[in-house]
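Asks: As input, take protein.tsv (TSV, C-alpha atoms):
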```
chain	number	residue	atom	x	y	z
G	23	MET	CA	-8.56	99.10	67.39
G	24	ARG	CA	-11.63	99.92	69.40
G	25	THR	CA	-13.90	98.15	66.97
G	26	LEU	CA	-11.69	95.09	67.24
G	27	ALA	CA	-11.92	95.09	71.03
G	28	ILE	CA	-15.71	95.35	70.93
G	29	THR	CA	-15.90	92.58	68.39
G	30	GLY	CA	-13.67	90.47	70.61
G	31	THR	CA	-15.85	91.12	73.67
G	32	LEU	CA	-18.98	90.37	71.71
G	33	ALA	CA	-17.48	87.16	70.42
G	34	ALA	CA	-16.51	86.12	73.94
G	35	LEU	CA	-19.99	86.97	75.22
G	36	LEU	CA	-21.62	85.06	72.39
G	37	SER	CA	-19.55	81.96	72.92
G	38	TRP	CA	-20.25	82.15	76.66
G	39	ALA	CA	-23.97	82.40	75.95
G	40	GLY	CA	-23.60	79.55	73.49
G	41	ALA	CA	-22.06	77.35	76.14
G	42	LEU	CA	-25.01	77.98	78.44
G	43	THR	CA	-27.67	77.04	75.90
G	44	PRO	CA	-28.09	73.26	75.70
G	45	ALA	CA	-26.64	72.23	72.37
G	46	LEU	CA	-29.54	70.29	70.95
G	47	ALA	CA	-28.08	70.34	67.51
G	48	GLY	CA	-28.58	66.63	66.82
G	49	SER	CA	-31.33	64.91	68.74
G	50	GLU	CA	-34.10	67.34	67.78
G	51	ASP	CA	-33.77	65.90	64.28
G	52	VAL	CA	-34.29	62.32	65.43
G	53	VAL	CA	-37.42	60.60	64.18
G	54	VAL	CA	-38.59	57.27	65.61
G	55	GLU	CA	-40.72	55.06	63.37
G	56	GLY	CA	-42.51	51.72	63.65
G	57	ALA	CA	-42.09	51.20	67.40
G	58	TRP	CA	-43.62	48.03	68.85
G	59	SER	CA	-43.34	45.52	71.68
G	60	ARG	CA	-44.63	42.06	72.35
G	61	ALA	CA	-46.96	41.52	75.29
G	62	SER	CA	-45.39	39.92	78.38
G	63	ILE	CA	-46.59	37.08	80.56
G	64	GLY	CA	-46.66	38.70	83.98
G	65	MET	CA	-43.73	40.78	85.20
G	66	ASN	CA	-40.94	38.27	85.85
G	67	ARG	CA	-39.65	37.96	82.32
G	68	PRO	CA	-37.92	40.89	80.57
G	69	GLY	CA	-39.63	42.57	77.63
G	70	ALA	CA	-38.22	44.05	74.43
G	71	ALA	CA	-39.02	47.02	72.21
G	72	TYR	CA	-38.24	47.47	68.54
G	73	MET	CA	-38.19	50.57	66.29
G	74	THR	CA	-36.29	52.44	63.62
G	75	ILE	CA	-34.37	55.52	64.78
G	76	ARG	CA	-33.71	57.97	61.96
G	77	ASN	CA	-31.35	60.95	62.09
G	78	THR	CA	-32.83	63.53	59.70
G	79	GLY	CA	-30.35	66.24	60.75
G	80	ASP	CA	-26.86	67.10	59.55
G	81	THR	CA	-24.84	66.18	62.64
G	82	PRO	CA	-24.29	62.71	64.09
G	83	VAL	CA	-26.36	61.73	67.15
G	84	THR	CA	-25.45	59.15	69.77
G	85	LEU	CA	-28.05	57.18	71.73
G	86	ILE	CA	-26.70	56.77	75.25
G	87	GLY	CA	-29.61	55.39	77.23
G	88	LEU	CA	-33.32	54.79	77.79
G	89	THR	CA	-35.92	55.52	80.44
G	90	THR	CA	-39.48	54.32	80.80
G	91	PRO	CA	-41.96	54.08	83.66
G	92	LEU	CA	-42.60	50.50	82.47
G	93	ALA	CA	-39.23	49.04	83.48
G	94	MET	CA	-36.60	49.81	86.12
G	95	MET	CA	-33.71	48.78	83.88
G	96	PRO	CA	-34.23	49.54	80.20
G	97	GLU	CA	-31.07	49.01	78.15
G	98	ILE	CA	-30.08	48.62	74.54
G	99	HIS	CA	-28.98	45.02	74.02
G	100	GLU	CA	-27.82	43.14	70.99
G	101	SER	CA	-28.53	39.53	70.07
G	102	LYS	CA	-25.97	37.79	67.90
G	103	THR	CA	-25.90	34.34	66.33
G	104	ASN	CA	-22.50	32.83	65.54
G	105	ALA	CA	-21.47	30.43	62.77
G	106	ASP	CA	-22.39	27.43	64.95
G	107	GLY	CA	-25.95	28.74	65.30
G	108	VAL	CA	-25.47	29.75	68.95
G	109	SER	CA	-27.34	32.91	69.93
G	110	SER	CA	-26.16	35.21	72.70
G	111	MET	CA	-27.21	38.58	74.02
G	112	ALA	CA	-25.19	41.39	75.60
G	113	PRO	CA	-25.56	45.12	76.31
G	114	ALA	CA	-24.75	47.13	73.19
G	115	ASP	CA	-22.28	49.99	73.07
G	116	GLU	CA	-23.49	53.54	72.48
G	117	ILE	CA	-25.14	53.80	69.10
G	118	THR	CA	-24.06	56.69	66.88
G	119	ILE	CA	-26.31	57.49	63.93
G	120	ALA	CA	-24.72	59.47	61.11
G	121	PRO	CA	-26.66	62.31	59.41
G	122	GLY	CA	-29.29	60.90	57.08
G	123	GLU	CA	-28.81	57.37	58.45
G	124	SER	CA	-31.06	55.19	60.58
G	125	VAL	CA	-30.61	52.31	63.00
G	126	SER	CA	-33.10	49.49	63.25
G	127	LEU	CA	-33.92	47.83	66.54
G	128	GLU	CA	-35.42	44.56	65.31
G	129	PRO	CA	-35.86	40.92	66.39
G	130	GLY	CA	-32.56	39.05	66.50
G	131	GLY	CA	-30.40	42.18	66.55
G	132	LEU	CA	-30.38	45.42	68.50
G	133	HIS	CA	-33.37	45.84	70.79
G	134	ALA	CA	-34.46	47.82	73.81
G	135	MET	CA	-34.36	45.24	76.59
G	136	LEU	CA	-36.86	46.12	79.32
G	137	MET	CA	-35.70	44.56	82.59
G	138	GLN	CA	-37.57	44.63	85.91
G	139	LEU	CA	-41.02	45.37	84.54
G	140	GLN	CA	-43.17	47.48	86.85
G	141	THR	CA	-46.44	46.39	85.24
G	142	PRO	CA	-47.29	43.55	82.87
G	143	MET	CA	-47.17	44.43	79.17
G	144	THR	CA	-50.75	43.96	77.99
G	145	GLU	CA	-51.72	43.56	74.35
G	146	GLY	CA	-53.58	46.62	73.06
G	147	GLU	CA	-52.00	49.00	75.54
G	148	SER	CA	-48.97	51.25	75.03
G	149	TYR	CA	-46.25	52.87	77.13
G	150	PRO	CA	-43.85	55.82	76.75
G	151	LEU	CA	-40.17	55.07	76.08
G	152	THR	CA	-37.66	57.93	76.19
G	153	LEU	CA	-34.44	57.78	74.19
G	154	LEU	CA	-31.55	59.78	75.73
G	155	PHE	CA	-28.93	61.32	73.46
G	156	ASP	CA	-25.41	62.54	74.15
G	157	ASP	CA	-26.30	66.18	73.43
G	158	GLY	CA	-28.70	66.16	76.37
G	159	GLY	CA	-31.74	65.80	74.15
G	160	GLU	CA	-34.53	63.30	74.66
G	161	VAL	CA	-37.05	61.78	72.31
G	162	THR	CA	-40.11	60.11	73.78
G	163	VAL	CA	-42.10	57.62	71.75
G	164	GLU	CA	-45.35	55.84	72.61
G	165	VAL	CA	-44.79	52.11	72.04
G	166	PRO	CA	-47.86	50.00	71.19
G	167	ILE	CA	-47.96	46.52	72.75
G	168	LEU	CA	-48.86	43.78	70.26
G	169	GLY	CA	-49.53	40.07	70.81
G	170	ILE	CA	-46.87	37.76	72.28
G	171	ALA	CA	-46.41	36.05	68.92
G	172	ALA	CA	-46.18	39.31	66.91
G	173	ARG	CA	-43.48	39.35	64.24
G	174	GLY	CA	-43.40	43.03	63.38
G	175	PRO	CA	-45.01	46.44	63.92
G	176	ASN	CA	-47.93	45.58	61.62
G	177	ASP	CA	-48.93	42.28	63.22
B	5	MET	CA	7.88	-25.54	51.58
B	6	ARG	CA	6.08	-23.66	48.89
B	7	ARG	CA	2.77	-24.08	50.65
B	8	ARG	CA	4.29	-22.57	53.77
B	9	THR	CA	5.36	-19.50	51.84
B	10	ILE	CA	1.83	-19.02	50.51
B	11	LEU	CA	0.43	-19.40	54.00
B	12	GLY	CA	2.98	-16.88	55.22
B	13	TYR	CA	1.95	-14.36	52.59
B	14	GLY	CA	-1.69	-15.01	53.44
B	15	ALA	CA	-1.09	-14.33	57.12
B	16	ALA	CA	0.82	-11.16	56.32
B	17	GLY	CA	-2.00	-10.04	54.00
B	18	ALA	CA	-4.64	-10.73	56.63
B	19	GLY	CA	-2.53	-8.86	59.17
B	20	ALA	CA	-2.28	-5.86	56.85
B	21	LEU	CA	-6.02	-5.94	56.29
B	22	VAL	CA	-6.74	-6.02	60.01
B	23	PHE	CA	-4.28	-3.15	60.50
B	24	ALA	CA	-5.97	-1.09	57.75
B	25	LEU	CA	-9.39	-1.74	59.29
B	26	PHE	CA	-8.06	-0.74	62.70
B	27	VAL	CA	-6.62	2.53	61.33
B	28	GLY	CA	-9.93	3.22	59.60
B	29	TRP	CA	-11.90	2.60	62.79
B	30	TRP	CA	-9.47	4.75	64.81
B	31	GLN	CA	-9.88	7.70	62.49
B	32	VAL	CA	-13.64	7.48	61.93
B	33	ASP	CA	-15.24	6.11	65.11
B	34	GLY	CA	-12.40	5.48	67.52
B	35	PRO	CA	-10.37	7.79	69.74
B	36	GLY	CA	-8.90	9.45	66.63
B	37	ALA	CA	-12.33	10.60	65.43
B	38	PRO	CA	-12.83	14.35	65.00
B	39	GLU	CA	-14.57	16.26	67.81
B	40	PRO	CA	-18.35	16.11	67.54
B	41	VAL	CA	-18.63	19.92	67.63
B	42	GLY	CA	-20.63	21.16	64.68
B	43	GLN	CA	-21.68	17.62	63.76
B	44	ARG	CA	-25.14	16.71	62.59
B	45	PRO	CA	-27.62	15.71	65.26
B	46	LEU	CA	-27.91	11.98	65.92
B	47	ALA	CA	-30.94	10.06	64.68
B	48	LEU	CA	-33.71	10.28	67.28
B	49	SER	CA	-33.48	6.49	67.73
B	50	ALA	CA	-29.84	6.91	68.84
B	51	MET	CA	-30.66	9.56	71.49
B	52	ASP	CA	-31.37	8.83	75.12
B	53	PHE	CA	-33.03	11.31	77.48
B	54	SER	CA	-36.22	11.61	79.50
B	55	LEU	CA	-38.13	14.89	79.98
B	56	THR	CA	-41.61	16.11	80.90
B	57	ASP	CA	-43.87	17.96	78.48
B	58	HIS	CA	-45.91	21.05	79.41
B	59	GLU	CA	-48.89	18.84	80.21
B	60	GLY	CA	-46.90	16.68	82.62
B	61	ASN	CA	-46.41	13.66	80.32
B	62	GLU	CA	-43.13	11.77	80.38
B	63	VAL	CA	-41.46	12.19	76.99
B	64	GLY	CA	-38.22	11.33	75.22
B	65	PRO	CA	-36.76	10.94	71.73
B	66	GLU	CA	-38.91	7.83	71.16
B	67	THR	CA	-42.03	10.03	71.57
B	68	LEU	CA	-41.08	11.74	68.30
B	69	ILE	CA	-40.64	8.65	66.15
B	70	GLY	CA	-43.57	7.86	63.88
B	71	ARG	CA	-44.16	11.43	62.75
B	72	PRO	CA	-41.80	14.04	61.32
B	73	ALA	CA	-40.46	16.37	63.99
B	74	MET	CA	-39.21	19.91	64.38
B	75	VAL	CA	-37.11	20.50	67.54
B	76	PHE	CA	-35.46	23.63	68.91
B	77	PHE	CA	-33.87	24.85	72.12
B	78	GLY	CA	-34.59	28.08	74.01
B	79	PHE	CA	-35.91	29.47	77.29
B	80	THR	CA	-38.99	31.46	78.19
B	81	TYR	CA	-37.10	34.31	79.92
B	82	CYS	CA	-35.54	35.13	76.57
B	83	PRO	CA	-37.00	38.46	75.40
B	84	ASP	CA	-35.80	38.55	71.80
B	85	VAL	CA	-34.51	35.44	70.02
B	86	CYS	CA	-36.91	32.83	71.47
B	87	PRO	CA	-40.23	34.64	70.93
B	88	THR	CA	-38.97	35.45	67.44
B	89	THR	CA	-38.23	31.76	66.75
B	90	LEU	CA	-41.58	30.71	68.20
B	91	SER	CA	-43.38	33.36	66.10
B	92	ASP	CA	-41.45	32.31	62.98
B	93	ILE	CA	-42.38	28.66	63.58
B	94	SER	CA	-46.02	29.60	64.21
B	95	GLY	CA	-45.98	31.41	60.85
B	96	TRP	CA	-44.47	28.40	59.04
B	97	LEU	CA	-47.08	26.10	60.60
B	98	ASP	CA	-49.90	28.48	59.61
B	99	ASP	CA	-48.58	28.35	56.05
B	100	LEU	CA	-48.43	24.57	55.99
B	101	GLY	CA	-52.06	24.45	57.15
B	102	GLU	CA	-53.36	20.91	57.54
B	103	GLU	CA	-50.00	19.42	56.58
B	104	ALA	CA	-48.61	20.81	59.84
B	105	GLY	CA	-50.99	18.55	61.74
B	106	VAL	CA	-48.68	15.55	61.35
B	107	LEU	CA	-45.60	17.38	62.71
B	108	ASN	CA	-44.29	17.05	66.24
B	109	VAL	CA	-43.08	20.54	67.17
B	110	ILE	CA	-40.96	20.61	70.32
B	111	PHE	CA	-39.44	23.49	72.26
B	112	ILE	CA	-36.86	22.14	74.76
B	113	THR	CA	-35.83	24.62	77.47
B	114	VAL	CA	-32.17	25.11	78.35
B	115	ASP	CA	-33.25	26.86	81.58
B	116	PRO	CA	-35.12	24.21	83.62
B	117	GLU	CA	-34.50	26.21	86.82
B	118	ARG	CA	-37.00	28.90	85.76
B	119	ASP	CA	-38.85	26.93	83.08
B	120	THR	CA	-40.85	24.52	85.19
B	121	VAL	CA	-43.68	22.47	83.65
B	122	GLU	CA	-46.11	25.25	84.71
B	123	ALA	CA	-43.93	28.00	83.22
B	124	MET	CA	-43.69	26.09	79.93
B	125	ALA	CA	-47.47	25.50	79.91
B	126	GLY	CA	-48.11	29.22	80.44
B	127	TYR	CA	-45.75	30.14	77.63
B	128	VAL	CA	-46.33	27.76	74.71
B	129	GLY	CA	-50.08	28.39	74.88
B	130	TYR	CA	-49.53	31.80	73.31
B	131	PHE	CA	-48.03	30.35	70.14
B	132	HIS	CA	-49.23	27.81	67.52
B	133	SER	CA	-51.17	25.02	69.20
B	134	ALA	CA	-48.88	22.35	67.70
B	135	ILE	CA	-45.88	23.62	69.72
B	136	ARG	CA	-45.13	21.55	72.83
B	137	GLY	CA	-42.72	22.54	75.58
B	138	TRP	CA	-40.34	20.06	77.21
B	139	THR	CA	-38.41	20.55	80.46
B	140	GLY	CA	-36.75	18.34	83.05
B	141	GLU	CA	-33.70	17.64	85.17
B	142	ASP	CA	-30.43	19.40	84.31
B	143	GLU	CA	-28.71	16.13	83.33
B	144	GLU	CA	-31.55	15.12	81.04
B	145	ILE	CA	-31.55	18.52	79.30
B	146	ALA	CA	-27.78	18.12	78.89
B	147	ALA	CA	-28.24	14.62	77.43
B	148	ALA	CA	-30.83	15.96	74.98
B	149	ALA	CA	-28.55	18.80	73.90
B	150	ARG	CA	-25.70	16.31	73.33
B	151	GLY	CA	-27.94	14.22	71.07
B	152	PHE	CA	-28.93	17.23	68.99
B	153	ARG	CA	-25.33	18.56	69.07
B	154	ALA	CA	-26.80	21.73	70.56
B	155	SER	CA	-24.94	23.86	73.09
B	156	TYR	CA	-26.02	26.22	75.85
B	157	GLU	CA	-24.40	28.24	78.58
B	158	ARG	CA	-25.63	30.23	81.55
B	159	VAL	CA	-24.41	33.85	81.53
B	160	PRO	CA	-24.83	36.08	84.62
B	161	THR	CA	-26.30	39.56	84.05
B	162	GLU	CA	-26.58	42.68	86.22
B	163	GLY	CA	-28.72	42.47	89.33
B	164	GLY	CA	-27.99	38.79	90.02
B	165	ASN	CA	-30.03	37.60	87.05
B	166	TYR	CA	-28.85	35.44	84.21
B	167	THR	CA	-29.47	34.81	80.57
B	168	MET	CA	-28.73	31.76	78.44
B	169	ASN	CA	-26.65	31.53	75.28
B	170	HIS	CA	-27.96	28.63	73.23
B	171	THR	CA	-28.15	27.03	69.80
B	172	ALA	CA	-31.05	28.78	68.09
B	173	SER	CA	-31.33	26.52	65.03
B	174	VAL	CA	-34.43	24.41	64.38
B	175	PHE	CA	-33.74	20.70	63.72
B	176	LEU	CA	-35.92	18.70	61.33
B	177	PHE	CA	-36.35	14.92	61.48
B	178	ASP	CA	-38.32	12.55	59.27
B	179	ALA	CA	-40.97	10.14	60.50
B	180	VAL	CA	-38.47	7.38	61.29
B	181	GLY	CA	-36.33	9.81	63.29
B	182	ARG	CA	-33.53	10.48	60.82
B	183	PHE	CA	-32.09	14.00	60.83
B	184	VAL	CA	-33.15	15.81	57.65
B	185	THR	CA	-31.82	19.36	57.91
B	186	THR	CA	-31.50	22.49	60.02
B	187	ILE	CA	-33.37	25.76	59.71
B	188	ASP	CA	-31.10	28.56	60.87
B	189	TYR	CA	-32.24	31.22	63.30
B	190	HIS	CA	-34.53	33.74	61.59
B	191	GLU	CA	-34.11	32.01	58.21
B	192	PRO	CA	-36.43	33.58	55.64
B	193	HIS	CA	-39.87	32.06	55.34
B	194	GLU	CA	-39.37	31.10	51.67
B	195	PHE	CA	-36.43	28.84	52.62
B	196	ALA	CA	-37.85	27.44	55.84
B	197	VAL	CA	-41.22	26.20	54.58
B	198	PRO	CA	-39.81	24.06	51.70
B	199	LYS	CA	-37.36	22.46	54.18
B	200	ILE	CA	-40.26	21.44	56.41
B	201	LYS	CA	-42.11	20.08	53.36
B	202	ARG	CA	-39.01	17.98	52.63
B	203	ALA	CA	-39.10	16.46	56.11
B	204	LEU	CA	-42.81	15.78	55.66
B	205	LYS	CA	-42.22	14.04	52.30
B	206	GLU	CA	-39.65	11.66	53.75
B	207	ILE	CA	-42.55	9.82	55.42
B	208	ALA	CA	-43.43	8.14	52.16
B	209	LYS	CA	-39.89	6.86	51.55
B	210	PRO	CA	-38.94	3.39	52.77
B	211	GLU	CA	-36.23	3.17	55.39
B	212	THR	CA	-32.84	2.70	53.74
B	213	SER	CA	-30.39	2.80	56.61
```
Kindly present the structure from the file in structure tokens form.
Replies:
Amino acid sequence: MRTLAITGTLAALLSWAGALTPALAGSEDVVVEGAWSRASIGMNRPGAAYMTIRNTGDTPVTLIGLTTPLAMMPEIHESKTNADGVSSMAPADEITIAPGESVSLEPGGLHAMLMQLQTPMTEGESYPLTLLFDDGGEVTVEVPILGIAARGPND
Amino acid sequence: MRRRTILGYGAAGAGALVFALFVGWWQVDGPGAPEPVGQRPLALSAMDFSLTDHEGNEVGPETLIGRPAMVFFGFTYCPDVCPTTLSDISGWLDDLGEEAGVLNVIFITVDPERDTVEAMAGYVGYFHSAIRGWTGEDEEIAAAARGFRASYERVPTEGGNYTMNHTASVFLFDAVGRFVTTIDYHEPHEFAVPKIKRALKEIAKPETS
């Protein structure tokens, strides 16, 4: 009886301690590959960033936002082209990546839209972009800036 | 008496013929014709609009007749689709090499408010040198889009800004201005380049229409 009570108390204590520790179960297993951006002309036009976000862990992760010193309003947007060939762009919903899966941010689809640039995006330079996940975790990646006419991370 | 009957039949026959022609016209070209949505672009010779290129020259559909042409719509404040299209086109032109020299390659803005002649000049310079940027009055842009059967729409975004939805296909015309085909947005290189070669080849063919 006594043993049971102690076990119960311990269990309660443990779960209380568990609730205090940030549960970074998912986002610490996120790997970002092949990040790149095109250079901008000045600061008036929005920029975009592309990359592959891979979940190498065993729990799903959800990307809920972005921050970067480069832009006041970085957001995940999605371009779509309908059957009539008309392209449109709108903010994307939260992106959940299943264990072992990856999501590609690439031209003509999902992309990090960088609105209200604080400095011009200059070819040859790079900037940090932080991905925010629903478990409170963050992953920061250094994004190289390629030429305006770049077509991919290796251009 | 008999002659009258024949004349009567003749008149009835002619009437029927006229009626059939009228029905045909009504359904194909007249008010009964299907909506032009999704139709092929007109021939350049049938279009009517007047714009300004990024060097300040007055241009229109007639500017493009005489050489094969590649035309697409977009706007320079477009962070994803338009630079991708411009980069794709630059890649196709690089592949075509000297052959590309005979092509007119035109980027028509759907956002003349922000894409002034200066803005277009500052933008197209970063892509293949054959690409020319056209802008102009709202009504003239609208007339151009109607000719190409392209559509566009202004969409407000957060912070009082706006973006543009627009047809992202690339239209190909032969040297006499006849529509050849469309290259879809982000169509793979191996499909796009042969289509351009087809438009280039049409130069040699005599006009049939």
Asks: When distances are computed from only C-alpha atoms, which of B:His170, B:Arg150, B:Arg158, B:His132 shows the smallest separation from chain G?
Replies: B:His170
Asks: List every protein, DNA or RNA residue that has at least one atom no more than 7 Å from (-35.2, 63.9, 66.1) in the file's coordinates, counting only C-alpha atoms, and write the result as a VMD selection string.
Replies: chain G and resid 49 to 53 77 to 78 161
Asks: How about saving the chosen residues, C-alpha atoms kept, as a short mmCIF file (atom, residue, chain, number, x, y, z; two decimals), in the coordinates of the input?
Replies:
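Below is the file again_15.cif, written as the result:
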```cif
data_model
loop_
_atom_site.label_atom_id
_atom_site.label_comp_id
_atom_site.auth_asym_id
_atom_site.auth_seq_id
_atom_site.Cartn_x
_atom_site.Cartn_y
_atom_site.Cartn_z
CA SER G 49 -31.33 64.91 68.74
CA GLU G 50 -34.10 67.34 67.78
CA ASP G 51 -33.77 65.90 64.28
CA VAL G 52 -34.29 62.32 65.43
CA VAL G 53 -37.42 60.60 64.18
CA ASN G 77 -31.35 60.95 62.09
CA THR G 78 -32.83 63.53 59.70
CA VAL G 161 -37.05 61.78 72.31
#
```
Asks: Expressed in Å to a single decimal, how great is the separation between atom CA of G:Asp177 and atom CA of B:Leu97?
Replies: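 Interatomic distance here is 16.5 Å.
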Asks: When you look at G:Met111 with a cut-off of 12 Å (counting all atoms listed in the file), what residues show up, excluding the ones that are within fewer than 6 positions of it in the same chain? I need them as a VMD selection string.
Replies: (chain G and resid 97 to 104 129 to 135) or (chain B and resid 82 to 86 157 to 161 166 to 170)
Asks: Which value, in Å to one decimal, gives the distance between atom CA of B:Val180 and atom CA of B:Phe76?
Replies: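 These atoms are spaced 18.2 Å apart.
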Asks: Considering all atoms listed in the file, extract the chain G residues located within 6 Å of chain B and return them as a PDB file with C-alpha atoms, in the coordinates of the input.
Replies:
```
ATOM      1  CA  ARG G  67     -39.650  37.960  82.320  1.00  0.00           C
ATOM      2  CA  PRO G  68     -37.920  40.890  80.570  1.00  0.00           C
ATOM      3  CA  GLY G  69     -39.630  42.570  77.630  1.00  0.00           C
ATOM      4  CA  ALA G  70     -38.220  44.050  74.430  1.00  0.00           C
ATOM      5  CA  GLY G 107     -25.950  28.740  65.300  1.00  0.00           C
ATOM      6  CA  VAL G 108     -25.470  29.750  68.950  1.00  0.00           C
ATOM      7  CA  SER G 109     -27.340  32.910  69.930  1.00  0.00           C
ATOM      8  CA  SER G 110     -26.160  35.210  72.700  1.00  0.00           C
ATOM      9  CA  PRO G 129     -35.860  40.920  66.390  1.00  0.00           C
ATOM     10  CA  GLY G 130     -32.560  39.050  66.500  1.00  0.00           C
ATOM     11  CA  ALA G 171     -46.410  36.050  68.920  1.00  0.00           C
TER      12      ALA G 171
END
```
Asks: Write out as number ranges by chain which residues come within 7 Å of B:Gly140 when counting all atoms listed in the file, dropping same-chain ones fewer than 4 positions away.
Replies: B: 55-56, 116, 144-145
Asks: Leaving out stretch 54-64 of chain G and any residue of its chain fewer than 3 positions from it, which residues lie within 7 Å of it when counting only C-alpha atoms, given as a PyMOL selection string?
Replies: chain G and resi 69-76+142-145+165-170+172+175
Asks: Which of these residues is nearest to G:Glu147, using only C-alpha atoms: G:Ala112, G:Ile117, G:Val125, G:Leu92?
Replies: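 Closest to G:Glu147, using only C-alpha atoms: G:Leu92.
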Asks: For G:Thr152, which of G:Leu88, G:Ala114, G:Leu136, G:Val83 is the closest residue, counting only C-alpha atoms?
Replies: G:Leu88
Asks: Mind pulling up the distance from atom CA of G:Gly174 to atom CA of G:Gln140?
Replies: 23.9 Å
Asks: Find the residues around B:Ala125 up to 12 Å (all atoms listed in the file counted), leave out those fewer than 5 positions away in its own chain, and share them as a CSV table (one decimal) with C-alpha atoms, in the coordinates of the input.
Replies:
```
chain,number,residue,atom,x,y,z
G,63,ILE,CA,-46.6,37.1,80.6
B,56,THR,CA,-41.6,16.1,80.9
B,57,ASP,CA,-43.9,18.0,78.5
B,58,HIS,CA,-45.9,21.0,79.4
B,59,GLU,CA,-48.9,18.8,80.2
B,60,GLY,CA,-46.9,16.7,82.6
B,61,ASN,CA,-46.4,13.7,80.3
B,80,THR,CA,-39.0,31.5,78.2
B,111,PHE,CA,-39.4,23.5,72.3
B,113,THR,CA,-35.8,24.6,77.5
B,119,ASP,CA,-38.8,26.9,83.1
B,120,THR,CA,-40.8,24.5,85.2
B,130,TYR,CA,-49.5,31.8,73.3
B,131,PHE,CA,-48.0,30.4,70.1
B,133,SER,CA,-51.2,25.0,69.2
B,135,ILE,CA,-45.9,23.6,69.7
B,136,ARG,CA,-45.1,21.6,72.8
B,137,GLY,CA,-42.7,22.5,75.6
B,138,TRP,CA,-40.3,20.1,77.2
B,139,THR,CA,-38.4,20.6,80.5
```
Asks: Rank B:Ala15, B:Asn165, B:Phe175, B:Leu68 by their smallest atom-to-atom distance to G:Met137, using all atoms listed in the file, and report the top residue only.
Replies: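 Smallest distance to G:Met137 is found for B:Asn165.
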